[in-house]
file query-v7.txt (compact mmCIF, C-alpha atoms)
# COMPACT_ATOMS: atom_id res chain seq x y z
CA SER R 1 37.34 -21.96 11.71
CA ASN R 2 34.95 -19.81 13.74
CA GLU R 3 37.53 -17.01 14.03
CA ASP R 4 38.04 -17.00 10.26
CA LEU R 5 34.28 -16.88 9.66
CA LEU R 6 33.92 -14.01 12.17
CA HIS R 7 36.70 -12.10 10.43
CA ARG R 8 35.06 -12.56 7.04
CA LEU R 9 31.69 -11.44 8.41
CA LYS R 10 33.25 -8.30 9.89
CA SER R 11 34.81 -7.51 6.53
CA HIS R 12 31.26 -7.23 5.09
CA VAL R 13 30.10 -4.76 7.75
CA VAL R 14 30.35 -1.11 6.79
CA LEU R 15 30.27 1.18 9.80
CA GLN R 16 28.54 4.47 9.12
CA PRO R 17 29.83 7.60 10.86
CA GLU R 18 27.60 9.16 13.50
CA ILE R 19 25.54 12.16 12.39
CA SER R 20 25.60 15.15 14.74
CA ALA R 21 22.40 16.84 15.83
CA SER R 22 23.28 20.04 13.98
CA SER R 23 24.10 18.11 10.81
CA SER R 24 20.84 16.16 11.05
CA LEU R 25 18.84 19.37 11.47
CA ALA R 26 20.57 20.97 8.49
CA LYS R 27 19.85 17.94 6.30
CA LEU R 28 16.19 17.86 7.35
CA LEU R 29 15.82 21.59 6.67
CA GLU R 30 17.37 21.08 3.25
CA MET R 31 14.89 18.29 2.63
CA MET R 32 11.93 20.46 3.68
CA MET R 33 12.97 23.36 1.42
CA ASP R 34 12.81 21.28 -1.75
CA LYS R 35 9.98 22.47 -4.01
CA HIS R 36 8.46 18.99 -4.28
CA VAL R 37 8.49 18.57 -0.51
CA ILE R 38 6.92 22.00 0.05
CA CYS R 39 4.03 21.05 -2.25
CA PHE R 40 3.76 17.64 -0.60
CA THR R 41 3.70 19.27 2.85
CA ILE R 42 0.87 21.63 1.90
CA ILE R 43 -1.19 18.77 0.47
CA LEU R 44 -0.54 16.60 3.54
CA LEU R 45 -1.44 19.46 5.90
CA VAL R 46 -4.73 20.25 4.15
CA SER R 47 -5.55 16.54 4.01
CA GLY R 48 -5.09 16.50 7.78
CA LEU R 49 -7.48 19.45 8.09
CA GLY R 50 -10.05 17.59 6.01
CA ASN R 51 -9.58 14.39 7.97
CA GLY R 52 -9.99 16.27 11.25
CA MET R 53 -13.25 17.86 10.09
CA ILE R 54 -14.73 14.59 8.87
CA GLU R 55 -13.63 12.36 11.74
CA THR R 56 -14.75 14.85 14.39
CA PHE R 57 -17.98 16.24 12.96
CA LEU R 58 -19.46 13.80 10.44
CA PHE R 59 -21.13 11.59 13.04
CA VAL R 60 -22.35 14.69 14.89
CA ARG R 61 -24.02 15.81 11.67
CA LEU R 62 -25.50 12.37 11.04
CA ASP R 63 -26.83 12.25 14.60
CA GLU R 64 -28.48 15.64 14.09
CA MET R 65 -30.14 14.25 10.96
CA GLY R 66 -31.59 11.36 12.97
CA ALA R 67 -29.13 8.57 12.11
CA SER R 68 -29.49 5.39 14.14
CA GLY R 69 -26.67 3.62 15.91
CA THR R 70 -26.92 0.90 13.28
CA LEU R 71 -26.33 3.39 10.48
CA LEU R 72 -23.32 4.87 12.24
CA GLY R 73 -21.90 1.38 12.74
CA ILE R 74 -22.42 0.43 9.09
CA SER R 75 -20.79 3.69 8.05
CA ARG R 76 -17.71 2.97 10.15
CA LEU R 77 -17.58 -0.60 8.84
CA LEU R 78 -17.59 0.59 5.23
CA MET R 79 -14.84 3.07 6.00
CA CYS R 80 -12.65 0.35 7.47
CA LEU R 81 -13.37 -2.13 4.68
CA GLY R 82 -12.49 0.55 2.16
CA GLU R 83 -8.98 0.76 3.57
CA ILE R 84 -8.05 -2.84 2.79
CA PRO R 85 -7.66 -2.74 -1.02
CA PHE R 86 -5.94 0.64 -0.98
CA PHE R 87 -3.38 -0.39 1.63
CA HIS R 88 -2.75 -3.58 -0.32
CA TYR R 89 -2.58 -2.20 -3.87
CA ASN R 90 -1.37 1.35 -3.27
CA ASP R 91 2.10 0.53 -4.59
CA LEU R 92 0.48 -0.24 -7.95
CA LEU R 93 -1.21 3.15 -7.94
CA ILE R 94 2.11 4.85 -7.25
CA HIS R 95 3.76 2.82 -10.01
CA HIS R 96 1.15 3.81 -12.60
CA ILE R 97 0.35 7.44 -11.75
CA GLY R 98 3.13 8.51 -9.38
CA VAL R 99 3.10 10.00 -5.89
CA PHE R 100 1.50 13.29 -6.88
CA GLY R 101 -0.95 11.47 -9.11
CA VAL R 102 -2.12 9.50 -6.07
CA LEU R 103 -2.24 12.68 -3.99
CA ALA R 104 -4.43 14.31 -6.64
CA LEU R 105 -6.72 11.27 -6.57
CA VAL R 106 -6.93 11.54 -2.78
CA GLN R 107 -7.93 15.20 -2.99
CA ALA R 108 -10.58 14.33 -5.61
CA ALA R 109 -12.01 11.75 -3.19
CA TYR R 110 -12.10 14.40 -0.46
CA ILE R 111 -14.01 16.72 -2.82
CA VAL R 112 -16.61 14.02 -3.42
CA ARG R 113 -16.94 13.28 0.30
CA PHE R 114 -17.26 16.92 1.40
CA THR R 115 -19.71 17.67 -1.42
CA THR R 116 -21.91 14.73 -0.43
CA TYR R 117 -21.90 15.76 3.23
CA SER R 118 -22.88 19.32 2.33
CA VAL R 119 -25.87 18.38 0.15
CA MET R 120 -27.26 15.16 1.66
CA THR R 121 -30.80 15.36 3.02
CA HIS R 122 -30.99 11.90 4.63
CA PRO R 123 -28.34 10.16 6.76
CA TRP R 124 -28.46 6.95 4.69
CA GLN R 125 -27.10 8.91 1.75
CA VAL R 126 -23.69 8.88 3.42
CA LEU R 127 -23.15 5.15 2.90
CA PRO R 128 -22.31 4.97 -0.84
CA ILE R 129 -19.30 7.25 -0.50
CA GLU R 130 -17.84 6.02 2.80
CA ALA R 131 -15.63 3.51 0.99
CA LEU R 132 -13.72 6.55 -0.31
CA HIS R 133 -12.16 6.64 3.13
CA GLY R 134 -9.86 4.00 1.66
CA LEU R 135 -8.42 6.68 -0.59
CA THR R 136 -8.50 9.61 1.81
CA PHE R 137 -6.84 7.66 4.63
CA ALA R 138 -5.22 4.39 3.51
CA SER R 139 -3.91 5.55 0.15
CA LEU R 140 -2.85 8.94 1.50
CA TRP R 141 -0.98 7.46 4.41
CA ALA R 142 0.70 4.66 2.48
CA THR R 143 1.84 7.17 -0.14
CA SER R 144 3.04 9.64 2.47
CA CYS R 145 5.12 7.03 4.28
CA TYR R 146 6.61 5.87 0.98
CA TYR R 147 7.42 9.44 -0.06
CA ALA R 148 8.92 10.30 3.34
CA HIS R 149 11.22 7.31 2.95
CA ILE R 150 12.53 8.22 -0.50
CA ILE R 151 13.08 11.93 0.28
CA ALA R 152 14.75 11.34 3.65
CA PRO R 153 18.49 12.03 3.97
CA PRO R 154 20.55 8.91 4.77
CA LYS R 155 20.02 7.62 8.33
CA LEU R 156 17.20 10.11 8.92
CA GLU R 157 14.29 8.05 7.60
CA ALA R 158 12.67 7.79 11.06
CA SER R 159 12.93 11.56 11.51
CA ALA R 160 11.24 12.12 8.15
CA GLN R 161 8.42 9.77 9.18
CA SER R 162 8.02 11.73 12.43
CA ILE R 163 7.77 14.99 10.50
CA ILE R 164 4.94 13.77 8.29
CA ASN R 165 3.11 12.49 11.39
CA VAL R 166 3.37 15.92 12.99
CA ILE R 167 2.24 17.70 9.82
CA HIS R 168 -0.81 15.51 9.20
CA TRP R 169 -1.94 14.50 12.67
CA GLY R 170 -0.42 17.07 15.00
CA VAL R 171 -1.04 20.23 12.97
CA GLY R 172 -3.53 19.25 10.26
CA PHE R 173 -5.93 16.99 12.14
CA THR R 174 -5.91 19.19 15.24
CA GLY R 175 -6.38 22.28 13.08
CA GLY R 176 -9.34 20.61 11.38
CA ASN R 177 -10.92 20.03 14.80
CA ILE R 178 -10.46 23.66 15.84
CA ILE R 179 -11.31 25.38 12.56
CA GLY R 180 -14.19 23.01 11.89
CA GLY R 181 -15.60 23.66 15.34
CA ILE R 182 -15.39 27.44 14.93
CA VAL R 183 -17.04 27.38 11.49
CA TRP R 184 -19.73 24.95 12.67
CA SER R 185 -20.54 27.16 15.67
CA GLU R 186 -20.66 30.39 13.67
CA TYR R 187 -22.11 29.30 10.34
CA GLY R 188 -23.39 25.73 10.68
CA PRO R 189 -22.33 22.30 9.40
CA ILE R 190 -23.05 22.90 5.70
CA ARG R 191 -20.69 25.87 5.62
CA MET R 192 -18.04 23.82 7.36
CA PHE R 193 -18.24 21.08 4.75
CA GLN R 194 -18.21 23.72 2.00
CA LEU R 195 -15.00 25.10 3.49
CA GLY R 196 -13.61 21.59 3.21
CA ILE R 197 -14.55 21.51 -0.49
CA ALA R 198 -12.71 24.78 -1.09
CA LEU R 199 -9.54 23.67 0.72
CA VAL R 200 -9.17 20.27 -0.93
CA SER R 201 -10.03 21.74 -4.35
CA LEU R 202 -6.98 23.98 -4.00
CA THR R 203 -4.73 21.06 -3.03
CA PHE R 204 -6.16 18.98 -5.90
CA LEU R 205 -4.99 21.69 -8.29
CA LEU R 206 -1.66 21.93 -6.46
CA ALA R 207 -1.04 18.18 -6.84
CA ILE R 208 -1.83 18.31 -10.55
CA LEU R 209 0.34 21.40 -11.13
CA THR R 210 3.23 19.88 -9.17
CA LYS R 211 3.10 16.70 -11.23
CA VAL R 212 2.94 18.60 -14.51
CA ALA R 213 5.44 21.37 -13.70
CA PHE R 214 8.02 19.58 -11.52
CA GLY R 215 7.61 15.89 -12.25
CA GLU R 216 7.48 13.15 -9.63
CA ARG R 217 10.90 13.02 -8.05
CA SER R 218 12.74 15.40 -5.80
CA THR R 219 16.51 15.75 -6.22
CA GLY R 220 19.24 17.15 -4.05
CA THR R 221 17.88 15.85 -0.75
CA GLY R 222 19.87 12.63 -0.47
CA ALA R 223 16.93 10.47 -1.50
CA GLU R 224 17.44 7.07 -3.01
CA GLU R 225 15.53 6.13 -6.16
CA GLN R 226 14.45 2.75 -4.78
CA ASP R 227 11.14 1.11 -4.24
CA TYR R 228 10.20 1.05 -0.55
CA ARG R 229 9.55 -2.67 -0.50
CA ALA R 230 12.86 -3.44 -2.19
CA VAL R 231 14.70 -1.50 0.51
CA ASN R 232 12.95 -3.42 3.26
CA THR R 233 13.47 -6.85 1.70
CA GLU R 234 17.11 -6.41 0.81
CA THR R 235 19.20 -9.53 1.49
CA PHE R 236 22.89 -9.85 2.20
CA ASP R 237 25.11 -12.75 1.20
CA VAL R 238 26.77 -14.43 4.14
CA PRO R 239 30.14 -15.97 3.22
CA THR R 240 30.26 -19.75 3.51
CA GLU R 241 33.11 -22.15 3.94
call {"tool": "encode", "arguments": {"input": "query-v7.txt", "output": "structure tokens"}}
result
Amino acid sequence: SNEDLLHRLKSHVVLQPEISASSSLAKLLEMMMDKHVICFTIILLVSGLGNGMIETFLFVRLDEMGASGTLLGISRLLMCLGEIPFFHYNDLLIHHIGVFGVLALVQAAYIVRFTTYSVMTHPWQVLPIEALHGLTFASLWATSCYYAHIIAPPKLEASAQSIINVIHWGVGFTGGNIIGGIVWSEYGPIRMFQLGIALVSLTFLLAILTKVAFGERSTGTGAEEQDYRAVNTETFDVPTE
């Protein structure tokens, strides 16, 4: 009967207790104090600084060098096309080299981009490396969302995602705009891009050292050791007559 089916369905539902605001804050603070997460946060923050510098000032620099509207459009097209394979295959990268391996690769791509911007003498020279935006944006963001999911305390996954958004976009990207603008005004665009090289070189070393010294996984934060896609495609058996 319908009542019997409803009863059997209810028996499969596990009600989770509500988490208080103070308990949620304590769990998130515990998560943020983990040594892996501290290293991840620094890398994510500096990546945001680099992204802010490039997104805000690269086209200004190209315009100063005499770039045409066509060149700027092609550059943006290559950046967007570069995102597609990295969004699609980033889980394979994580599987083979781990989260901090991917983060190290992202920082290496930033080094190449900033170095090119600091030494190029013609605006067309920017085109060959613009596909690296796929690493510095798509791969970084896919990896960050994955990592935020697996380190998040139970029922606080959305809060963890909000935190990484604030770190990268709110603090990092905005800081890149401000710091980049100050350095550009005082010392010029080449010095600004050289500052970017120095910052991402430090986080490249940090990602490598974290992977070597601490390994890939953080413990003690309530994280589940599950693949992100498996969590989101989980199925539940519905009892039948």
call {"tool": "closest_residue", "arguments": {"input": "query-v7.txt", "among": "R:Pro153, R:Gly98, R:Gly73, R:Gly172", "to": "Gly215 of chain R", "atoms": "all atoms listed in the file"}}
result
R:Gly98
call {"tool": "atom_distance", "arguments": {"input": "query-v7.txt", "atom1": "atom CA of Ala160 of chain R", "atom2": "atom CA of Leu28 of chain R"}}
result
7.6 Å
call {"tool": "residues_around", "arguments": {"input": "query-v7.txt", "residues": "Ile43 of chain R", "least_positions_apart": "4", "cutoff": "7 Å", "atoms": "all atoms listed in the file", "output": "PyMOL selection string"}}
result
chain R and resi 39+47+203
call {"tool": "residues_around", "arguments": {"input": "query-v7.txt", "residues": "Gly181 of chain R", "least_positions_apart": "4", "cutoff": "9 Å", "atoms": "only C-alpha atoms", "output": "PDB file with C-alpha atoms, in the frame of the given file"}}
result
ATOM      1  CA  MET R  53     -13.250  17.860  10.090  1.00  0.00           C
ATOM      2  CA  THR R  56     -14.750  14.850  14.390  1.00  0.00           C
ATOM      3  CA  PHE R  57     -17.980  16.240  12.960  1.00  0.00           C
ATOM      4  CA  GLY R 176      -9.340  20.610  11.380  1.00  0.00           C
ATOM      5  CA  ASN R 177     -10.920  20.030  14.800  1.00  0.00           C
ATOM      6  CA  SER R 185     -20.540  27.160  15.670  1.00  0.00           C
ATOM      7  CA  GLU R 186     -20.660  30.390  13.670  1.00  0.00           C
ATOM      8  CA  MET R 192     -18.040  23.820   7.360  1.00  0.00           C
TER       9      MET R 192
END
call {"tool": "residues_near_point", "arguments": {"input": "query-v7.txt", "point": "(-17.5, 13.9, -3.3)", "cutoff": "12 Å", "atoms": "all atoms listed in the file", "output": "count of residues only"}}
result
32
call {"tool": "atom_distance", "arguments": {"input": "query-v7.txt", "atom1": "atom CA of Ser75 of chain R", "atom2": "atom CA of Leu62 of chain R"}}
result
10.3 Å
call {"tool": "residues_around", "arguments": {"input": "query-v7.txt", "residues": "Leu29 of chain R", "least_positions_apart": "5", "cutoff": "12 Å", "atoms": "only C-alpha atoms", "output": "tab-separated table (two decimals) with C-alpha atoms, in the coordinates of the input"}}
result
chain	number	residue	atom	x	y	z
R	22	SER	CA	23.28	20.04	13.98
R	23	SER	CA	24.10	18.11	10.81
R	24	SER	CA	20.84	16.16	11.05
R	34	ASP	CA	12.81	21.28	-1.75
R	37	VAL	CA	8.49	18.57	-0.51
R	38	ILE	CA	6.92	22.00	0.05
R	151	ILE	CA	13.08	11.93	0.28
R	152	ALA	CA	14.75	11.34	3.65
R	153	PRO	CA	18.49	12.03	3.97
R	156	LEU	CA	17.20	10.11	8.92
R	159	SER	CA	12.93	11.56	11.51
R	160	ALA	CA	11.24	12.12	8.15
R	163	ILE	CA	7.77	14.99	10.50
R	221	THR	CA	17.88	15.85	-0.75
call {"tool": "atom_distance", "arguments": {"input": "query-v7.txt", "atom1": "atom CA of Leu140 of chain R", "atom2": "atom CA of Leu195 of chain R"}}
result
20.3 Å
call {"tool": "closest_residue", "arguments": {"input": "query-v7.txt", "among": "R:Tyr146, R:Trp124, R:Tyr187, R:Phe137", "to": "Ser68 of chain R", "atoms": "all atoms listed in the file"}}
result
R:Trp124
call {"tool": "closest_residue", "arguments": {"input": "query-v7.txt", "among": "R:Ala207, R:Met65, R:Leu202, R:Ala138", "to": "Leu81 of chain R", "atoms": "only C-alpha atoms"}}
result
R:Ala138
call {"tool": "residues_near_point", "arguments": {"input": "query-v7.txt", "point": "(-9.2, -2.4, -3.9)", "cutoff": "12 Å", "atoms": "only C-alpha atoms", "output": "VMD selection string"}}
result
chain R and resid 81 to 93 131 to 135 138 to 139
call {"tool": "build_atoms", "arguments": {"input": "query-v7.txt", "residues": "segment 141-154 of chain R", "atoms": "N, CA, C and O atoms", "output": "compact mmCIF listing (two decimals), in the coordinates of the input"}}
result
# COMPACT_ATOMS: atom_id res chain seq x y z
N TRP R 141 -2.00 7.75 3.41
CA TRP R 141 -0.98 7.46 4.41
C TRP R 141 0.10 6.53 3.87
O TRP R 141 1.29 6.72 4.16
N ALA R 142 -0.29 5.54 3.09
CA ALA R 142 0.70 4.66 2.48
C ALA R 142 1.63 5.44 1.55
O ALA R 142 2.85 5.24 1.53
N THR R 143 1.04 6.35 0.77
CA THR R 143 1.84 7.17 -0.14
C THR R 143 2.75 8.12 0.62
O THR R 143 3.91 8.32 0.24
N SER R 144 2.24 8.70 1.69
CA SER R 144 3.04 9.64 2.47
C SER R 144 4.23 8.95 3.14
O SER R 144 5.34 9.50 3.14
N CYS R 145 4.01 7.77 3.67
CA CYS R 145 5.12 7.03 4.28
C CYS R 145 6.16 6.63 3.24
O CYS R 145 7.37 6.72 3.48
N TYR R 146 5.70 6.20 2.08
CA TYR R 146 6.61 5.87 0.98
C TYR R 146 7.42 7.10 0.58
O TYR R 146 8.64 7.03 0.43
N TYR R 147 6.74 8.23 0.40
CA TYR R 147 7.42 9.44 -0.06
C TYR R 147 8.41 9.94 0.99
O TYR R 147 9.52 10.37 0.67
N ALA R 148 8.01 9.88 2.27
CA ALA R 148 8.92 10.30 3.34
C ALA R 148 10.19 9.46 3.32
O ALA R 148 11.29 9.96 3.59
N HIS R 149 10.05 8.19 2.99
CA HIS R 149 11.22 7.31 2.95
C HIS R 149 12.18 7.70 1.83
O HIS R 149 13.39 7.78 2.03
N ILE R 150 11.64 7.98 0.64
CA ILE R 150 12.53 8.22 -0.50
C ILE R 150 13.13 9.63 -0.49
O ILE R 150 14.15 9.86 -1.14
N ILE R 151 12.51 10.58 0.23
CA ILE R 151 13.08 11.93 0.28
C ILE R 151 14.00 12.12 1.48
O ILE R 151 14.73 13.11 1.54
N ALA R 152 13.99 11.17 2.41
CA ALA R 152 14.75 11.34 3.65
C ALA R 152 16.26 11.28 3.39
O ALA R 152 16.73 10.45 2.62
N PRO R 153 17.03 12.16 4.03
CA PRO R 153 18.49 12.03 3.97
C PRO R 153 18.92 10.70 4.58
O PRO R 153 18.18 10.12 5.40
N PRO R 154 20.08 10.18 4.21
CA PRO R 154 20.55 8.91 4.77
C PRO R 154 20.56 8.92 6.30
O PRO R 154 20.95 9.91 6.93
